[in-house]
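The next block holds one structure in the form of structure tokens; read it before the comments.
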Amino acid sequence: MIKTLAKSIREYKLSSILTLIFIMGEVIIEVLIPFKTADLINSIESGVQIDSVIKTGLILIAMALVSLCCGGIAAITCAKASTGFAKNLRRDMFQKIQGFSFSNIDKFSSTSLVTRLTTDITHVQMAYMMIIRTAIRSPMIFIFSIIMAYTMGGALATSFVVVIPVLLFGLLMIARKAMPAFRRVFKKYDKLNESIEENVRAMRVVKGFSREEYEKQKFAAAADGITEDFTKAERIVALNTPIMQFCMYFNTVVILFLGSYLVIKSKGLEVNVGHISAMLTYGVQILMSLMMLSMIYVMITMSLESMKRICEVLNEESNLHNPENPIFEVKDGSIKFNNVNFKYNKDAKRNALEGINLEIKSGMTVGVIGGTGSSKSSLVQLIPRLYDVTDGEVLVGGVDVRDYDIKTLRDSVAMVLQKNQLFSGTIKDNLRWGNENATDEEMIEACKLAQADEFISGFPDGYDTYIEQGGTNVSGGQKQRLCIARALLKKPKILILDDSTSAVDTKTDAFIRQGFKKFIPDTTKIIIAQRIASVQDADMIIVMENGKIENIGTHNELMKSSEIYREVYEQQTKGGDSNENA
């Protein structure tokens with residue numbers, strides 16, 4: 001896990017090392033200051049000249065300034081190293097996610113990925129900052145202070161033998177009790193983010209069903225769960241302060257009492273006032289360093305859960321890989337399925353697709369009909385290799401899709417998915433997802449083909465109209481047509497419409513299909529639809545049921561040979577347009 005995370009430090013190794021060096025300088029000087037202060041007190045007590053006092057005082061001031069500079073520089077380099085590490089870690093995670101196949105993404109919920117990219121990385125950043133600064137500083141102060149205390153105080157230092165174990169035991173017990181609550185919080189963060197995301201995405205549904213109060217209670221329950229665990233953990237951690245104060249005051253009383261006794265008894269020969277002053281300072285340093293170590297322990301232990309969650313993403317390997325010698329050219333849009341079986345998960349009990357044998361010639365228009373759950377979408381997602389087949393092979397342009405360079409294959413296949421997604425930005429920005437170098441003329445041509453130009457021209461800003469996040473300021477039908485236009489700008493060899501005209505009227509749907517025939521005759525067009533009218537004129541219609549191909553043929557052929565197709569057709573034509581989207 002540490003090795004995986006350390007890869008993200010990269011160019012910030014120097015800042016991390018400089019932090020350690022300056023921290024060491026700060027600690028050494030900080031430990032020497034009480035020693036020099038004791039000399040000054042002893043000098044004053046013995047009645048030395050004022051020049052000697054001033055000289056020692058100036059040395060102390062210089063040491064304090066150097067220590068301050070070392071601490072300041074260490075703070076700057078530490079901030080640079082920790083924030084840079086977090087930046088690299090966030091970038092590495094995001095790039096890793098971008099390389100995931102659909103099956104990899106299915107393992108993580110979107111809210112969980114958001115939490116890992118935000119909250120979890122923040123915790124790891126804080127832990128790294130404490131490791132390279134406080135986790136080095138505190139042990140060094142602890143060790144050096146004990147050495148100096150025994151060097152100067154002798155018998156006085158025995159008080160630490162009692163105090164240190166008490167404080168250490170108390171702090172470890174506090175950390176141990178607080179950890180389970182901290183660990184539970186991270187999973188509850190996922191639930192909280194999930195509640196927020198679902199509510200924001202489905203705001204219209206929430207209001208349509210007047211479920212605001214239910215959503216408020218759902219959110220409150222998630223928030224209360226986090227509050228309860230954090231309160232419990234913080235209540236335990238708050239015991240740090242009284243334990244620390246008890247040990248500090250106990251140590252102070254022992255040093256003052258025992259020190260005074262030794263000063264009087266030895267008449268200042270064994271222990272003097274300067275030694276007592278230094279011992280008090282070293283005592284505070286030792287106890288504070290222990291307290292900081294306990295806080296580091298709490299922070300790092302708490303961050304371990306975040307580290308594990310981050311490493312789960314970083315160590316997740318995509319099951320889609322480029323071959324050693326990939327093919328960088330797709331000859332045409334022909335498609336062939338040879339004995340294809342497919343399941344989403346290797347542990348799944350049944351196949352999503354089974355025994356698929358299918359041949360589609362380049363330039364054909366193919367319709368796919370079937371009930372909900374018949375695996376229509378699963379079938380077409382194998383073509384651009386969003387998933388890999390479990391058995392058999394899928395050929396595009398006469399070549400197994402697994403032999404292509406993935407980017408080359410996907411650039412040749414344009415998909416308008418069932419769930420259309422527009423991004424915040426102008427209409428032009430969204431269209432250029434299909435072709436970043438598309439000219440205005442090409443965008444207008446694609447939009448005319450997708451029957452989108454008319455409504456775009458009706459906007460005050462035309463193609464420069466700003467699309468809100470998720471496309472909330474355009475209708476469902478407008479969103480679908482923009483997504484079709486975006487796909488057409490790729491000038492693909494294969495165009496897949498996964499129920500992508502369900503939100504447009506039948507007249508517009510017909511115009512879109514006519515445009516396809518006229519302007520992209522050489523592109524293979526696969527149309528998944530619920531409406532028979534959307535695929536009635538296709539060169540080939542595939543009827544699917546329970547992950548299998550029930551029948552293949554033209555409209556007239558299927559009306560004779562396929563009972564499923566005939567029933568759907570009769571239901572839609574008798575029921576009228578009201579049943580078309582059923």
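Within each chain, counting starts at residue 1; across the structure tokens, chains are named A, B, ... in the order shown, with ligands numbered 1 upward in that order.
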Inset, instruction - Considering only C-alpha atoms, return as a ChimeraX atom specification whatever protein or nucleic-acid residues lie within 10 Å of Ser362 in chain A, sequence-local ones (same chain, fewer than 6 positions apart) excluded. - result: /A:331-335,396-397,493-494,521-525
Prev. selection, C-alpha atoms, output as a PDB file, in the first residue's frame:
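For reference, part_24.pdb as written:
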```pdb
ATOM      1  CA  LYS A 331     -11.540  -1.328 -42.955  1.00  0.00           C
ATOM      2  CA  ASP A 332     -15.325  -0.987 -42.954  1.00  0.00           C
ATOM      3  CA  GLY A 333     -18.421  -1.189 -40.773  1.00  0.00           C
ATOM      4  CA  SER A 334     -19.163  -4.888 -41.199  1.00  0.00           C
ATOM      5  CA  ILE A 335     -19.944  -6.760 -37.954  1.00  0.00           C
ATOM      6  CA  VAL A 396     -15.530  -5.521 -36.995  1.00  0.00           C
ATOM      7  CA  GLY A 397     -14.217  -4.981 -40.498  1.00  0.00           C
ATOM      8  CA  LYS A 493     -18.091   3.524 -39.754  1.00  0.00           C
ATOM      9  CA  ILE A 494     -20.671   2.178 -37.285  1.00  0.00           C
ATOM     10  CA  PRO A 521     -25.278   5.387 -46.691  1.00  0.00           C
ATOM     11  CA  ASP A 522     -21.915   3.675 -46.100  1.00  0.00           C
ATOM     12  CA  THR A 523     -22.188   3.820 -42.304  1.00  0.00           C
ATOM     13  CA  THR A 524     -23.554   0.726 -40.576  1.00  0.00           C
ATOM     14  CA  LYS A 525     -26.515   1.864 -38.506  1.00  0.00           C
TER      15      LYS A 525
END
```
Inset, instruction - Using DSSP on the backbone, list every residue of range 308-543 of chain A that comes out as alpha helix (DSSP H), and give them as a ChimeraX atom specification. - result: /A:308-314,376-381,406-412,427-431,440-449,453-457,476-488,506-519,532-535
If you keep C-alpha atoms, can you produce a file of those selected residues as a CSV table (one decimal), in the first residue's frame?
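part-v8.csv, freshly written:
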```csv
chain,number,residue,atom,x,y,z
A,308,LYS,CA,-6.9,1.3,1.5
A,309,ARG,CA,-9.9,2.7,-0.4
A,310,ILE,CA,-7.5,4.8,-2.7
A,311,CYS,CA,-5.3,1.8,-3.3
A,312,GLU,CA,-8.3,-0.3,-4.3
A,313,VAL,CA,-8.8,2.1,-7.2
A,314,LEU,CA,-5.1,2.4,-8.1
A,376,LYS,CA,-30.2,-5.5,-26.4
A,377,SER,CA,-27.8,-2.9,-24.9
A,378,SER,CA,-25.4,-5.7,-23.9
A,379,LEU,CA,-25.2,-6.9,-27.5
A,380,VAL,CA,-24.1,-3.5,-29.0
A,381,GLN,CA,-21.7,-2.7,-26.1
A,406,ILE,CA,-8.9,0.4,-28.5
A,407,LYS,CA,-8.9,4.1,-29.4
A,408,THR,CA,-8.9,3.3,-33.1
A,409,LEU,CA,-11.9,1.0,-32.7
A,410,ARG,CA,-13.9,3.4,-30.6
A,411,ASP,CA,-13.2,6.3,-32.9
A,412,SER,CA,-14.7,4.2,-35.7
A,427,ILE,CA,-23.7,23.6,-27.5
A,428,LYS,CA,-20.6,23.8,-29.7
A,429,ASP,CA,-18.5,22.5,-26.8
A,430,ASN,CA,-20.8,19.5,-26.5
A,431,LEU,CA,-20.8,18.8,-30.2
A,440,ASP,CA,-19.2,25.4,-37.7
A,441,GLU,CA,-20.4,24.2,-41.1
A,442,GLU,CA,-19.8,20.5,-40.1
A,443,MET,CA,-21.7,21.1,-36.8
A,444,ILE,CA,-24.7,22.7,-38.6
A,445,GLU,CA,-24.8,19.8,-41.1
A,446,ALA,CA,-24.7,17.2,-38.3
A,447,CYS,CA,-27.4,19.0,-36.4
A,448,LYS,CA,-29.6,19.3,-39.5
A,449,LEU,CA,-29.2,15.5,-40.0
A,453,ASP,CA,-30.6,22.7,-36.1
A,454,GLU,CA,-34.2,24.1,-36.0
A,455,PHE,CA,-34.5,24.3,-32.2
A,456,ILE,CA,-30.9,25.4,-31.8
A,457,SER,CA,-31.5,28.3,-34.2
A,476,GLY,CA,-35.3,15.1,-23.3
A,477,GLY,CA,-35.9,15.1,-27.1
A,478,GLN,CA,-33.6,18.0,-27.6
A,479,LYS,CA,-30.9,16.3,-25.6
A,480,GLN,CA,-31.3,13.1,-27.6
A,481,ARG,CA,-30.9,15.0,-30.9
A,482,LEU,CA,-27.8,16.9,-29.7
A,483,CYS,CA,-26.3,13.5,-28.7
A,484,ILE,CA,-27.0,12.1,-32.1
A,485,ALA,CA,-25.5,15.1,-33.8
A,486,ARG,CA,-22.4,14.7,-31.6
A,487,ALA,CA,-22.1,11.1,-32.6
A,488,LEU,CA,-22.4,11.9,-36.3
A,506,THR,CA,-42.6,9.8,-34.6
A,507,LYS,CA,-42.4,12.4,-37.3
A,508,THR,CA,-39.0,13.7,-36.2
A,509,ASP,CA,-37.8,10.1,-35.7
A,510,ALA,CA,-38.7,9.4,-39.4
A,511,PHE,CA,-36.9,12.5,-40.6
A,512,ILE,CA,-33.7,11.4,-38.7
A,513,ARG,CA,-33.8,7.9,-40.3
A,514,GLN,CA,-34.4,9.4,-43.7
A,515,GLY,CA,-31.4,11.6,-43.2
A,516,PHE,CA,-29.3,8.6,-42.3
A,517,LYS,CA,-30.2,6.8,-45.5
A,518,LYS,CA,-29.4,9.8,-47.6
A,519,PHE,CA,-26.3,11.3,-46.0
A,532,ILE,CA,-41.7,-0.9,-34.4
A,533,ALA,CA,-42.0,2.2,-36.5
A,534,SER,CA,-38.4,3.2,-35.7
A,535,VAL,CA,-37.0,-0.1,-37.3
```
Legend entry - Coordinates-based distance that separates CA of Asn104 in chain A from CA of Leu5 in chain A (Å, one decimal): 20.3 Å
Can you list, as an mmCIF file with C-alpha atoms, in the first residue's frame, every residue of range 351-489 of chain A that DSSP puts in strand (DSSP E)?
```cif
data_model
loop_
_atom_site.group_PDB
_atom_site.id
_atom_site.type_symbol
_atom_site.label_atom_id
_atom_site.label_comp_id
_atom_site.auth_asym_id
_atom_site.auth_seq_id
_atom_site.Cartn_x
_atom_site.Cartn_y
_atom_site.Cartn_z
ATOM 1 C CA LEU A 353 -25.948 -13.098 -23.919
ATOM 2 C CA GLU A 354 -25.879 -16.674 -25.090
ATOM 3 C CA GLY A 355 -25.216 -18.372 -28.442
ATOM 4 C CA ILE A 356 -25.136 -15.175 -30.504
ATOM 5 C CA ASN A 357 -24.376 -15.714 -34.207
ATOM 6 C CA LEU A 358 -24.944 -12.689 -36.367
ATOM 7 C CA GLU A 359 -23.562 -11.105 -39.533
ATOM 8 C CA ILE A 360 -24.138 -7.488 -40.543
ATOM 9 C CA THR A 365 -29.453 -0.423 -41.285
ATOM 10 C CA VAL A 366 -30.223 -2.910 -38.528
ATOM 11 C CA GLY A 367 -33.018 -2.703 -35.997
ATOM 12 C CA VAL A 368 -32.964 -4.441 -32.620
ATOM 13 C CA ILE A 369 -36.260 -5.153 -30.849
ATOM 14 C CA GLY A 370 -36.887 -6.894 -27.562
ATOM 15 C CA ASP A 391 -16.746 -16.855 -25.186
ATOM 16 C CA GLY A 392 -16.585 -16.524 -28.960
ATOM 17 C CA GLU A 393 -15.547 -13.452 -30.920
ATOM 18 C CA VAL A 394 -16.874 -10.185 -32.309
ATOM 19 C CA LEU A 395 -15.434 -9.079 -35.655
ATOM 20 C CA VAL A 396 -15.530 -5.521 -36.995
ATOM 21 C CA VAL A 399 -10.968 -8.328 -37.511
ATOM 22 C CA ASP A 400 -11.535 -9.450 -33.905
ATOM 23 C CA VAL A 413 -17.858 3.426 -33.623
ATOM 24 C CA ALA A 414 -20.213 6.167 -32.449
ATOM 25 C CA MET A 415 -22.705 5.331 -29.723
ATOM 26 C CA VAL A 416 -25.661 7.311 -28.501
ATOM 27 C CA GLY A 425 -20.600 24.274 -21.642
ATOM 28 C CA THR A 426 -21.952 25.630 -24.911
ATOM 29 C CA TYR A 466 -24.861 27.438 -22.608
ATOM 30 C CA ILE A 467 -25.907 23.937 -21.538
#
```
Inset, instruction - Tell me which of A:Val401, A:Ala438, A:Cys69, A:Ile236 sits closest to Glu26 in chain A, counting only C-alpha atoms. - result: A:Cys69
Legend entry - Non-local contacts of Glu305 in chain A (12 Å; only C-alpha atoms; under 3 positions in same chain excluded) as an MDAnalysis selection string: chainID A and resid 1 116 119:121 123:124 127 179:187 298:302 308:312
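CA of Leu287 in chain A sits 7.1 Å away from CA of Met244 in chain A.
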Inset, instruction - Show which residues sit within 7 Å of Asn546 in chain A, as a ChimeraX atom specification. Count only C-alpha atoms, and ignore same-chain residues fewer than 4 positions away. - result: /A:373-375
Mind checking which residues fall within 7 Å of range 87-94 of chain A, counting only C-alpha atoms, ignoring those fewer than 3 positions away in the same chain, and posting them as a compact mmCIF listing (two decimals) with C-alpha atoms, in the first residue's frame?
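The new file around33.txt reads:
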```txt
# COMPACT_ATOMS: atom_id res chain seq x y z
CA SER A 8 2.51 9.68 -6.56
CA THR A 83 -0.39 19.36 -1.54
CA GLY A 84 1.69 18.25 -4.54
CA ILE A 97 -10.63 5.55 -13.62
CA GLN A 98 -10.58 6.85 -17.20
CA LEU A 117 -11.16 11.43 -4.92
CA VAL A 313 -8.81 2.08 -7.21
CA LEU A 314 -5.10 2.42 -8.07
```
Legend entry - A:Thr115, A:Leu32, A:Met130, A:Ile59 ranked by distance to Leu20 in chain A, top pick (using only C-alpha atoms):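 Checking each of A:Thr115, A:Leu32, A:Met130, A:Ile59 against Leu20 in chain A, counting only C-alpha atoms, the winner is A:Met130.
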Inset, instruction - Please identify all polymer residues within 12 Å of Leu239 in chain A, counting only C-alpha atoms, omitting same-chain residues fewer than 4 positions from it, and present them as an MDAnalysis selection string. - result: chainID A and resid 167 170:175 177:178 232:235 243:246 291 294:295
